[in-house]
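File shown here: data-v8.cif, holding mmCIF, C-alpha atoms.
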```
data_protein
#
loop_
_atom_site.group_PDB
_atom_site.id
_atom_site.type_symbol
_atom_site.label_atom_id
_atom_site.label_comp_id
_atom_site.auth_asym_id
_atom_site.auth_seq_id
_atom_site.Cartn_x
_atom_site.Cartn_y
_atom_site.Cartn_z
ATOM 1 C CA MET A 8 77.225 19.827 -70.314
ATOM 2 C CA GLU A 9 75.430 16.535 -69.835
ATOM 3 C CA PHE A 10 71.912 16.225 -71.192
ATOM 4 C CA ARG A 11 71.164 12.651 -70.237
ATOM 5 C CA ASN A 12 67.489 12.029 -69.607
ATOM 6 C CA LEU A 13 67.141 11.203 -65.913
ATOM 7 C CA ARG A 14 64.068 9.076 -66.576
ATOM 8 C CA ASP A 15 66.479 6.418 -67.917
ATOM 9 C CA MET A 16 67.430 5.630 -64.331
ATOM 10 C CA ALA A 17 63.879 4.819 -63.246
ATOM 11 C CA THR A 18 63.531 1.949 -60.802
ATOM 12 C CA ILE A 19 59.959 1.113 -61.824
ATOM 13 C CA GLN A 20 60.051 0.329 -65.496
ATOM 14 C CA PRO A 21 57.349 1.804 -67.736
ATOM 15 C CA ILE A 22 55.296 -0.577 -69.871
ATOM 16 C CA ALA A 23 54.220 0.174 -73.442
ATOM 17 C CA GLU A 24 50.561 1.100 -73.795
ATOM 18 C CA ASN A 25 49.515 -2.000 -75.758
ATOM 19 C CA GLU A 26 51.505 -4.325 -73.517
ATOM 20 C CA GLN A 27 49.850 -6.003 -70.525
ATOM 21 C CA HIS A 28 51.520 -5.107 -67.237
ATOM 22 C CA PRO A 29 52.943 -8.254 -65.570
ATOM 23 C CA ASP A 30 51.132 -7.273 -62.351
ATOM 24 C CA VAL A 31 47.779 -7.852 -64.072
ATOM 25 C CA ALA A 32 48.509 -11.579 -64.413
ATOM 26 C CA LEU A 33 49.628 -11.773 -60.779
ATOM 27 C CA VAL A 34 46.471 -10.005 -59.611
ATOM 28 C CA GLU A 35 44.360 -12.430 -61.650
ATOM 29 C CA ARG A 36 46.121 -15.385 -60.019
ATOM 30 C CA VAL A 37 45.505 -13.933 -56.545
ATOM 31 C CA ARG A 38 41.847 -13.436 -57.393
ATOM 32 C CA ALA A 39 41.707 -17.085 -58.444
ATOM 33 C CA GLY A 40 42.960 -18.073 -54.980
ATOM 34 C CA ASP A 41 46.719 -18.353 -55.554
ATOM 35 C CA VAL A 42 48.201 -16.661 -52.462
ATOM 36 C CA SER A 43 51.769 -17.264 -53.702
ATOM 37 C CA ALA A 44 51.106 -14.721 -56.468
ATOM 38 C CA TYR A 45 50.442 -12.132 -53.771
ATOM 39 C CA ASP A 46 53.743 -13.115 -52.191
ATOM 40 C CA GLU A 47 55.403 -12.033 -55.456
ATOM 41 C CA LEU A 48 53.607 -8.688 -55.443
ATOM 42 C CA VAL A 49 54.605 -8.026 -51.834
ATOM 43 C CA ARG A 50 58.264 -8.815 -52.549
ATOM 44 C CA LYS A 51 58.180 -6.642 -55.637
ATOM 45 C CA TYR A 52 56.890 -3.507 -53.924
ATOM 46 C CA ASP A 53 57.546 -3.763 -50.182
ATOM 47 C CA ARG A 54 60.682 -1.595 -50.203
ATOM 48 C CA GLN A 55 59.000 1.175 -52.166
ATOM 49 C CA VAL A 56 55.911 1.159 -49.933
ATOM 50 C CA PHE A 57 58.108 1.251 -46.824
ATOM 51 C CA ARG A 58 60.025 4.257 -48.175
ATOM 52 C CA ILE A 59 56.845 6.167 -48.997
ATOM 53 C CA ALA A 60 55.527 5.490 -45.478
ATOM 54 C CA GLN A 61 58.820 6.677 -43.968
ATOM 55 C CA HIS A 62 58.761 9.834 -46.074
ATOM 56 C CA ILE A 63 55.281 10.732 -44.872
ATOM 57 C CA THR A 64 55.327 9.566 -41.242
ATOM 58 C CA GLN A 65 59.046 10.145 -40.537
ATOM 59 C CA ASN A 66 58.737 7.346 -37.998
ATOM 60 C CA ARG A 67 60.168 3.856 -38.357
ATOM 61 C CA GLU A 68 57.504 2.005 -36.309
ATOM 62 C CA ASP A 69 54.699 3.765 -38.144
ATOM 63 C CA ALA A 70 56.294 2.915 -41.479
ATOM 64 C CA GLU A 71 56.432 -0.781 -40.530
ATOM 65 C CA ASP A 72 52.754 -0.727 -39.498
ATOM 66 C CA VAL A 73 51.764 1.169 -42.634
ATOM 67 C CA MET A 74 53.556 -1.312 -44.856
ATOM 68 C CA GLN A 75 51.775 -4.268 -43.256
ATOM 69 C CA ASP A 76 48.388 -2.576 -43.184
ATOM 70 C CA ALA A 77 48.648 -1.340 -46.776
ATOM 71 C CA PHE A 78 49.389 -4.808 -48.154
ATOM 72 C CA LEU A 79 46.666 -6.415 -46.021
ATOM 73 C CA LYS A 80 44.122 -3.805 -47.069
ATOM 74 C CA ALA A 81 45.092 -4.205 -50.722
ATOM 75 C CA TYR A 82 44.620 -7.976 -50.408
ATOM 76 C CA GLU A 83 41.205 -7.539 -48.798
ATOM 77 C CA LYS A 84 40.100 -5.009 -51.396
ATOM 78 C CA LEU A 85 41.576 -6.690 -54.433
ATOM 79 C CA ASP A 86 38.096 -7.195 -55.878
ATOM 80 C CA GLN A 87 37.713 -3.411 -55.985
ATOM 81 C CA PHE A 88 40.919 -2.978 -57.968
ATOM 82 C CA GLN A 89 40.071 -1.805 -61.472
ATOM 83 C CA GLY A 90 42.315 -3.002 -64.250
ATOM 84 C CA ASN A 91 42.365 0.508 -65.757
ATOM 85 C CA SER A 92 44.635 1.660 -62.934
ATOM 86 C CA LYS A 93 48.080 0.164 -62.339
ATOM 87 C CA PHE A 94 48.382 -2.109 -59.312
ATOM 88 C CA TYR A 95 51.346 -0.162 -57.955
ATOM 89 C CA THR A 96 49.664 3.258 -58.160
ATOM 90 C CA TRP A 97 46.573 1.737 -56.500
ATOM 91 C CA LEU A 98 48.783 0.294 -53.763
ATOM 92 C CA VAL A 99 50.565 3.634 -53.266
ATOM 93 C CA ARG A 100 47.200 5.339 -52.817
ATOM 94 C CA ILE A 101 46.343 2.895 -50.026
ATOM 95 C CA ALA A 102 49.797 3.337 -48.439
ATOM 96 C CA VAL A 103 49.560 7.147 -48.578
ATOM 97 C CA ASN A 104 46.116 7.083 -46.918
ATOM 98 C CA GLU A 105 47.359 4.710 -44.210
ATOM 99 C CA SER A 106 50.407 6.938 -43.636
ATOM 100 C CA LEU A 107 48.230 10.050 -43.314
ATOM 101 C CA MET A 108 45.990 8.244 -40.832
ATOM 102 C CA ARG A 109 49.065 7.429 -38.711
ATOM 103 C CA LEU A 110 50.179 11.055 -38.825
ATOM 104 C CA ARG A 111 46.696 12.150 -37.821
ATOM 105 C CA LYS A 112 46.806 9.818 -34.789
ATOM 106 C CA ARG A 113 50.152 11.254 -33.747
ATOM 107 C CA ARG A 114 48.840 14.769 -34.127
ATOM 108 C CA THR A 115 45.846 13.798 -31.956
ATOM 109 C CA GLY A 116 43.212 13.898 -34.602
ATOM 110 C CA LYS A 117 44.351 17.036 -36.440
ATOM 111 C CA MET A 118 43.453 16.773 -40.121
ATOM 112 C CA VAL A 119 46.466 15.855 -42.204
ATOM 113 C CA SER A 120 46.350 15.894 -45.956
ATOM 114 C CA ILE A 121 48.834 15.482 -48.749
ATOM 115 C CA ASP A 122 47.687 18.950 -49.870
ATOM 116 C CA GLU A 123 48.978 20.754 -46.800
ATOM 117 C CA ASP A 124 51.835 23.256 -46.859
ATOM 118 C CA VAL A 125 51.599 23.748 -50.605
ATOM 119 C CA ALA A 126 51.413 27.518 -50.273
ATOM 120 C CA THR A 127 55.082 27.828 -49.327
ATOM 121 C CA ASP A 128 57.256 29.801 -51.706
ATOM 122 C CA ASP A 129 60.457 28.874 -49.925
ATOM 123 C CA GLY A 130 63.064 27.704 -52.398
ATOM 124 C CA SER A 131 61.006 28.432 -55.512
ATOM 125 C CA VAL A 132 63.613 30.907 -56.630
ATOM 126 C CA PRO A 133 67.204 29.740 -56.319
ATOM 127 C CA ARG A 134 69.194 31.964 -53.972
ATOM 128 C CA ASP A 135 72.400 30.032 -53.457
ATOM 129 C CA LEU A 136 73.985 30.145 -56.875
ATOM 130 C CA ALA A 137 77.448 28.888 -55.977
ATOM 131 C CA ASP A 138 78.542 25.923 -58.046
ATOM 132 C CA TRP A 139 79.145 22.578 -56.338
ATOM 133 C CA ALA A 140 82.430 20.805 -55.955
ATOM 134 C CA PRO A 141 82.960 18.016 -58.485
ATOM 135 C CA ASP A 142 81.540 14.761 -57.000
ATOM 136 C CA PRO A 143 80.644 16.605 -53.766
ATOM 137 C CA GLU A 144 79.366 13.441 -52.064
ATOM 138 C CA GLN A 145 82.941 12.107 -52.041
ATOM 139 C CA ASN A 146 83.747 14.596 -49.263
ATOM 140 C CA TYR A 147 81.550 12.694 -46.821
ATOM 141 C CA THR A 148 81.469 9.148 -45.488
ATOM 142 C CA GLN A 149 78.501 7.007 -46.453
ATOM 143 C CA SER A 150 76.820 7.476 -43.057
ATOM 144 C CA GLU A 151 77.478 11.259 -43.043
ATOM 145 C CA LEU A 152 75.960 11.516 -46.505
ATOM 146 C CA GLN A 153 72.958 9.445 -45.464
ATOM 147 C CA LYS A 154 72.337 11.808 -42.521
ATOM 148 C CA ILE A 155 72.663 14.880 -44.741
ATOM 149 C CA LEU A 156 70.194 13.491 -47.288
ATOM 150 C CA GLU A 157 67.673 12.471 -44.602
ATOM 151 C CA LYS A 158 67.947 15.794 -42.765
ATOM 152 C CA THR A 159 67.602 17.723 -46.005
ATOM 153 C CA ILE A 160 64.503 15.959 -47.280
ATOM 154 C CA LYS A 161 62.887 16.010 -43.818
ATOM 155 C CA GLY A 162 62.763 19.820 -44.080
ATOM 156 C CA LEU A 163 60.282 19.596 -46.979
ATOM 157 C CA PRO A 164 56.500 19.356 -46.472
ATOM 158 C CA PRO A 165 55.209 15.718 -46.672
ATOM 159 C CA GLY A 166 53.374 16.464 -49.939
ATOM 160 C CA PHE A 167 56.651 17.539 -51.577
ATOM 161 C CA ARG A 168 58.662 14.638 -50.166
ATOM 162 C CA VAL A 169 56.309 12.010 -51.517
ATOM 163 C CA VAL A 170 56.093 13.601 -54.977
ATOM 164 C CA PHE A 171 59.906 13.742 -55.177
ATOM 165 C CA GLU A 172 60.196 10.113 -54.013
ATOM 166 C CA LEU A 173 57.652 8.818 -56.541
ATOM 167 C CA ARG A 174 58.797 10.873 -59.520
ATOM 168 C CA ASP A 175 62.536 11.219 -59.105
ATOM 169 C CA VAL A 176 63.574 8.259 -56.972
ATOM 170 C CA GLN A 177 61.095 5.567 -57.984
ATOM 171 C CA GLY A 178 60.731 6.887 -61.528
ATOM 172 C CA LEU A 179 56.930 7.030 -61.861
ATOM 173 C CA SER A 180 55.512 9.218 -64.622
ATOM 174 C CA THR A 181 53.829 12.516 -63.748
ATOM 175 C CA GLU A 182 50.446 10.974 -64.637
ATOM 176 C CA ASP A 183 50.964 7.887 -62.456
ATOM 177 C CA THR A 184 52.175 10.063 -59.561
ATOM 178 C CA ALA A 185 49.055 12.226 -59.913
ATOM 179 C CA ASP A 186 46.888 9.091 -60.019
ATOM 180 C CA ALA A 187 48.577 7.565 -56.949
ATOM 181 C CA LEU A 188 48.305 10.743 -54.905
ATOM 182 C CA ASN A 189 44.898 11.807 -56.176
ATOM 183 C CA LEU A 190 46.348 15.097 -57.358
ATOM 184 C CA SER A 191 46.095 16.946 -60.648
ATOM 185 C CA VAL A 192 48.999 16.775 -63.103
ATOM 186 C CA PRO A 193 49.736 20.544 -62.697
ATOM 187 C CA ALA A 194 49.808 20.081 -58.882
ATOM 188 C CA VAL A 195 52.360 17.270 -59.222
ATOM 189 C CA LYS A 196 54.476 19.369 -61.594
ATOM 190 C CA SER A 197 54.409 22.382 -59.309
ATOM 191 C CA ARG A 198 55.387 20.336 -56.245
ATOM 192 C CA LEU A 199 58.131 18.525 -58.089
ATOM 193 C CA LEU A 200 59.751 21.776 -59.205
ATOM 194 C CA ARG A 201 59.577 23.215 -55.694
ATOM 195 C CA ALA A 202 60.848 19.996 -54.117
ATOM 196 C CA ARG A 203 63.789 19.796 -56.512
ATOM 197 C CA LEU A 204 64.745 23.444 -56.005
ATOM 198 C CA GLN A 205 64.368 23.329 -52.237
ATOM 199 C CA LEU A 206 66.477 20.184 -51.980
ATOM 200 C CA ARG A 207 69.100 21.712 -54.258
ATOM 201 C CA GLU A 208 69.168 24.872 -52.167
ATOM 202 C CA ARG A 209 69.545 22.950 -48.897
ATOM 203 C CA LEU A 210 72.189 20.577 -50.254
ATOM 204 C CA SER A 211 74.219 23.573 -51.469
ATOM 205 C CA ARG A 212 75.142 24.241 -47.839
ATOM 206 C CA TYR A 213 77.097 21.003 -47.833
ATOM 207 C CA PHE A 214 78.174 20.581 -51.413
ATOM 208 C CA LYS A 215 79.158 23.994 -52.713
ATOM 209 C CA ARG A 216 82.652 24.511 -53.992
ATOM 210 C CA LYS A 217 84.925 26.094 -51.425
ATOM 211 C CA SER A 218 86.352 29.453 -52.418
ATOM 212 C CA THR A 219 90.045 29.520 -53.359
ATOM 213 C CA ARG A 220 90.811 31.508 -50.218
ATOM 214 C CA SER A 221 89.099 29.065 -47.806
ATOM 215 C CA ALA A 222 90.556 26.088 -49.675
ATOM 216 C CA ALA A 223 94.052 27.606 -49.328
ATOM 217 C CA LYS A 224 93.415 28.283 -45.628
ATOM 218 C CA SER A 225 92.275 24.704 -45.108
ATOM 219 C CA THR A 226 95.347 23.347 -46.922
ATOM 220 C CA ALA A 227 97.634 25.541 -44.788
ATOM 221 C CA SER A 228 95.895 24.375 -41.607
ATOM 222 C CA ASP A 229 96.169 20.739 -42.713
ATOM 223 C CA GLY A 230 99.867 21.353 -43.339
ATOM 224 C CA ARG A 231 100.306 22.698 -39.817
ATOM 225 C CA LYS A 232 98.503 19.695 -38.345
ATOM 226 C CA GLY A 233 100.897 17.374 -40.169
ATOM 227 C CA MET B 17 64.922 34.241 -72.860
ATOM 228 C CA THR B 18 64.951 35.494 -69.271
ATOM 229 C CA CYS B 19 66.040 33.517 -66.191
ATOM 230 C CA THR B 20 62.399 33.381 -64.991
ATOM 231 C CA GLU B 21 61.332 31.881 -68.319
ATOM 232 C CA PHE B 22 64.161 29.372 -68.122
ATOM 233 C CA LEU B 23 63.276 28.407 -64.547
ATOM 234 C CA ALA B 24 59.655 27.789 -65.566
ATOM 235 C CA LEU B 25 60.947 25.180 -68.013
ATOM 236 C CA LEU B 26 63.545 23.660 -65.680
ATOM 237 C CA ASP B 27 61.640 20.415 -65.027
ATOM 238 C CA ASP B 28 61.009 19.889 -68.734
ATOM 239 C CA VAL B 29 64.700 20.457 -69.448
ATOM 240 C CA ILE B 30 65.626 17.876 -66.809
ATOM 241 C CA ASP B 31 63.033 15.268 -67.804
ATOM 242 C CA ASP B 32 62.951 15.637 -71.554
ATOM 243 C CA SER B 33 66.213 15.310 -73.460
ATOM 244 C CA ALA B 34 64.647 16.698 -76.660
ATOM 245 C CA MET B 35 63.556 19.832 -74.796
ATOM 246 C CA ALA B 36 67.050 20.195 -73.342
ATOM 247 C CA MET B 37 68.472 20.528 -76.850
ATOM 248 C CA ARG B 38 66.151 23.416 -77.807
ATOM 249 C CA ALA B 39 68.217 26.209 -79.339
ATOM 250 C CA ASP B 40 66.805 29.085 -77.243
ATOM 251 C CA LEU B 41 67.470 27.170 -74.006
ATOM 252 C CA GLN B 42 70.982 26.291 -75.079
ATOM 253 C CA GLU B 43 71.634 29.888 -75.997
ATOM 254 C CA HIS B 44 70.436 31.117 -72.603
ATOM 255 C CA LEU B 45 72.568 28.538 -70.790
ATOM 256 C CA SER B 46 75.675 29.485 -72.722
ATOM 257 C CA THR B 47 75.412 33.072 -71.488
ATOM 258 C CA CYS B 48 73.876 32.671 -68.012
ATOM 259 C CA GLU B 49 76.077 31.068 -65.416
ATOM 260 C CA HIS B 50 73.350 31.203 -62.730
ATOM 261 C CA CYS B 51 70.918 29.119 -64.761
ATOM 262 C CA GLU B 52 73.673 26.757 -65.844
ATOM 263 C CA VAL B 53 74.609 26.170 -62.179
ATOM 264 C CA THR B 54 70.961 25.812 -61.147
ATOM 265 C CA LEU B 55 70.410 23.195 -63.842
ATOM 266 C CA SER B 56 73.564 21.187 -63.172
ATOM 267 C CA THR B 57 73.159 21.180 -59.377
ATOM 268 C CA THR B 58 69.457 20.302 -59.590
ATOM 269 C CA ARG B 59 70.370 17.372 -61.824
ATOM 270 C CA LYS B 60 73.035 16.367 -59.339
ATOM 271 C CA THR B 61 70.506 16.592 -56.468
ATOM 272 C CA ILE B 62 68.238 14.078 -58.201
ATOM 273 C CA GLN B 63 71.131 11.813 -59.083
ATOM 274 C CA ILE B 64 72.421 11.767 -55.479
ATOM 275 C CA TYR B 65 68.999 10.930 -54.042
ATOM 276 C CA ARG B 66 68.591 8.200 -56.613
ATOM 277 C CA SER B 67 71.905 6.550 -56.003
ATOM 278 C CA HIS B 68 71.737 6.756 -52.194
ATOM 279 C CA GLN B 69 68.226 5.575 -51.503
ATOM 280 C CA LEU B 70 66.968 6.392 -48.039
ATOM 281 C CA TYR B 71 65.123 4.170 -45.602
ATOM 282 C CA GLU B 72 66.353 0.791 -46.771
ATOM 283 C CA MET B 73 64.672 -2.072 -44.936
ATOM 284 C CA PRO B 74 67.117 -4.460 -43.283
ATOM 285 C CA SER B 75 66.520 -7.975 -44.644
ATOM 286 C CA SER B 76 65.571 -9.318 -41.184
ATOM 287 C CA LEU B 77 62.819 -6.709 -40.862
ATOM 288 C CA ARG B 78 61.712 -7.336 -44.422
ATOM 289 C CA GLU B 79 61.361 -11.082 -43.811
ATOM 290 C CA ARG B 80 59.484 -10.527 -40.531
ATOM 291 C CA LEU B 81 56.986 -8.126 -42.103
ATOM 292 C CA HIS B 82 56.634 -10.322 -45.134
ATOM 293 C CA ALA B 83 55.903 -13.423 -43.029
ATOM 294 C CA ALA B 84 53.314 -11.485 -40.983
ATOM 295 C CA ILE B 85 51.535 -10.237 -44.121
ATOM 296 C CA MET B 86 51.436 -13.647 -45.768
ATOM 297 C CA ALA B 87 50.250 -15.402 -42.586
ATOM 298 C CA ARG B 88 47.300 -12.980 -42.359
ATOM 299 C CA CYS B 89 46.526 -13.299 -46.074
ATOM 300 C CA LYS B 90 46.436 -17.097 -45.836
ATOM 301 C CA LYS B 91 43.879 -16.789 -43.030
ATOM 302 C CA GLY B 92 41.842 -14.491 -45.272
ATOM 303 C CA CYS B 93 43.035 -11.283 -43.428
#
```
Render the structure in this file as structure tokens.
Amino acid sequence: MEFRNLRDMATIQPIAENEQHPDVALVERVRAGDVSAYDELVRKYDRQVFRIAQHITQNREDAEDVMQDAFLKAYEKLDQFQGNSKFYTWLVRIAVNESLMRLRKRRTGKMVSIDEDVATDDGSVPRDLADWAPDPEQNYTQSELQKILEKTIKGLPPGFRVVFELRDVQGLSTEDTADALNLSVPAVKSRLLRARLQLRERLSRYFKRKSTRSAAKSTASDGRKG
Amino acid sequence: MTCTEFLALLDDVIDDSAMAMRADLQEHLSTCEHCEVTLSTTRKTIQIYRSHQLYEMPSSLRERLHAAIMARCKKGC
């Protein structure tokens, strides 16, 4: 059994506590009037911000607007940015708020919060305990797999999707995720566990190992086709 | 250790390699196929989502949005 620590695959690299984050220098340059430094920050984080906006709004046009608005708002408010928070977590907070505002508009003013739908127990206890085929994604084309992954994660509440994206895909720490989403650390942990288990449960429909009988039947049918 | 106790520690087992080596967890996994499958398939779930990132921005869209942001920033937003 493999016990590799999944945090090793993080896309956003952690910085040692006594080390200055490279974003701090860029922010200082922007504050001093160097717009090209902001260009660097935008290029560094635009993909991640776009993905977060897509996860929350589930709408491509909204995600484009959110990305633009979040970076413009961050630029305008850069004076309010406190060095004790990381630039990226501060930016995510702005992007999440912008995304929720878009959702609210679409739902004609209904309050939308990252806290909603947390009461669900669905998927907290694994039900489908069948093992998966080895390398199950190999059974699908790239575009089929993409559709499966999108459909699967869409079924989760927005507050679960964004926690999973920040923690497991982008590799933020639990503390930074809590900071970015204005949630407590226990709330992030609880959502992450539920998100992971619900995704696992839903993906099992596609990835579980076929029984010997159905595999034999499929082989026989393939033989007949040939 | 019961399955419920193991499940409560699942995230720690996934995120912390030292925790994953704990003797009582290893012992439970060696005798409980359900928890072993839950752990391995949950790990696989994370790995698949990480290696097939969703919602990639096409480079043309990225450049367009980027140009729009920078144009507004240069004007002072």
Evaluate the PyMOL selection byres ((chain B) within 9 of (chain A)) and report residues as an MDAnalysis selection string: chainID B and resid 20 23:24 26:27 29:34 36:37 49:54 56:73 77:78 81:82 84:86 88:90 92:93
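For the atom pair formed by atom CA of A:Val99 and atom CA of A:Ile155, the distance is 26.2 Å, given to one decimal.
Atom CA of A:Leu48 is positioned 7.3 Å from atom CA of A:Leu33.
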Computed interatomic separation between atom CA of A:Val34 and atom CA of A:Phe94 (Å): 8.1 Å
Please fill the gaps in stretch 35-51 of chain B so it has N, CA and C atoms, and write that as a PDB file, in the coordinates of the input.
```
ATOM      1  N   MET B  35      63.766  18.444 -75.243  1.00  0.00           N
ATOM      2  CA  MET B  35      63.556  19.832 -74.796  1.00  0.00           C
ATOM      3  C   MET B  35      64.903  20.466 -74.428  1.00  0.00           C
ATOM      4  N   ALA B  36      65.762  19.670 -73.797  1.00  0.00           N
ATOM      5  CA  ALA B  36      67.050  20.195 -73.342  1.00  0.00           C
ATOM      6  C   ALA B  36      67.914  20.680 -74.506  1.00  0.00           C
ATOM      7  N   MET B  37      67.661  20.151 -75.684  1.00  0.00           N
ATOM      8  CA  MET B  37      68.472  20.528 -76.850  1.00  0.00           C
ATOM      9  C   MET B  37      67.911  21.751 -77.575  1.00  0.00           C
ATOM     10  N   ARG B  38      66.778  22.283 -77.108  1.00  0.00           N
ATOM     11  CA  ARG B  38      66.151  23.416 -77.807  1.00  0.00           C
ATOM     12  C   ARG B  38      67.127  24.588 -77.904  1.00  0.00           C
ATOM     13  N   ALA B  39      67.197  25.188 -79.063  1.00  0.00           N
ATOM     14  CA  ALA B  39      68.217  26.209 -79.339  1.00  0.00           C
ATOM     15  C   ALA B  39      68.144  27.405 -78.386  1.00  0.00           C
ATOM     16  N   ASP B  40      66.899  27.889 -78.100  1.00  0.00           N
ATOM     17  CA  ASP B  40      66.805  29.085 -77.243  1.00  0.00           C
ATOM     18  C   ASP B  40      67.271  28.789 -75.812  1.00  0.00           C
ATOM     19  N   LEU B  41      67.021  27.548 -75.352  1.00  0.00           N
ATOM     20  CA  LEU B  41      67.470  27.170 -74.006  1.00  0.00           C
ATOM     21  C   LEU B  41      68.993  27.059 -73.968  1.00  0.00           C
ATOM     22  N   GLN B  42      69.519  26.436 -74.995  1.00  0.00           N
ATOM     23  CA  GLN B  42      70.982  26.291 -75.079  1.00  0.00           C
ATOM     24  C   GLN B  42      71.672  27.651 -75.110  1.00  0.00           C
ATOM     25  N   GLU B  43      71.051  28.556 -75.863  1.00  0.00           N
ATOM     26  CA  GLU B  43      71.634  29.888 -75.997  1.00  0.00           C
ATOM     27  C   GLU B  43      71.629  30.605 -74.639  1.00  0.00           C
ATOM     28  N   HIS B  44      70.506  30.477 -73.920  1.00  0.00           N
ATOM     29  CA  HIS B  44      70.436  31.117 -72.603  1.00  0.00           C
ATOM     30  C   HIS B  44      71.498  30.531 -71.672  1.00  0.00           C
ATOM     31  N   LEU B  45      71.607  29.201 -71.690  1.00  0.00           N
ATOM     32  CA  LEU B  45      72.568  28.538 -70.790  1.00  0.00           C
ATOM     33  C   LEU B  45      74.014  28.931 -71.092  1.00  0.00           C
ATOM     34  N   SER B  46      74.288  29.163 -72.355  1.00  0.00           N
ATOM     35  CA  SER B  46      75.675  29.485 -72.722  1.00  0.00           C
ATOM     36  C   SER B  46      76.086  30.882 -72.237  1.00  0.00           C
ATOM     37  N   THR B  47      75.076  31.706 -71.925  1.00  0.00           N
ATOM     38  CA  THR B  47      75.412  33.072 -71.488  1.00  0.00           C
ATOM     39  C   THR B  47      75.043  33.342 -70.032  1.00  0.00           C
ATOM     40  N   CYS B  48      74.339  32.417 -69.381  1.00  0.00           N
ATOM     41  CA  CYS B  48      73.876  32.671 -68.012  1.00  0.00           C
ATOM     42  C   CYS B  48      74.438  31.612 -67.059  1.00  0.00           C
ATOM     43  N   GLU B  49      75.424  32.019 -66.314  1.00  0.00           N
ATOM     44  CA  GLU B  49      76.077  31.068 -65.416  1.00  0.00           C
ATOM     45  C   GLU B  49      75.123  30.624 -64.301  1.00  0.00           C
ATOM     46  N   HIS B  50      74.277  31.545 -63.815  1.00  0.00           N
ATOM     47  CA  HIS B  50      73.350  31.203 -62.730  1.00  0.00           C
ATOM     48  C   HIS B  50      72.404  30.070 -63.134  1.00  0.00           C
ATOM     49  N   CYS B  51      71.848  30.163 -64.319  1.00  0.00           N
ATOM     50  CA  CYS B  51      70.918  29.119 -64.761  1.00  0.00           C
ATOM     51  C   CYS B  51      71.661  27.816 -65.049  1.00  0.00           C
TER      52      CYS B  51
END
```
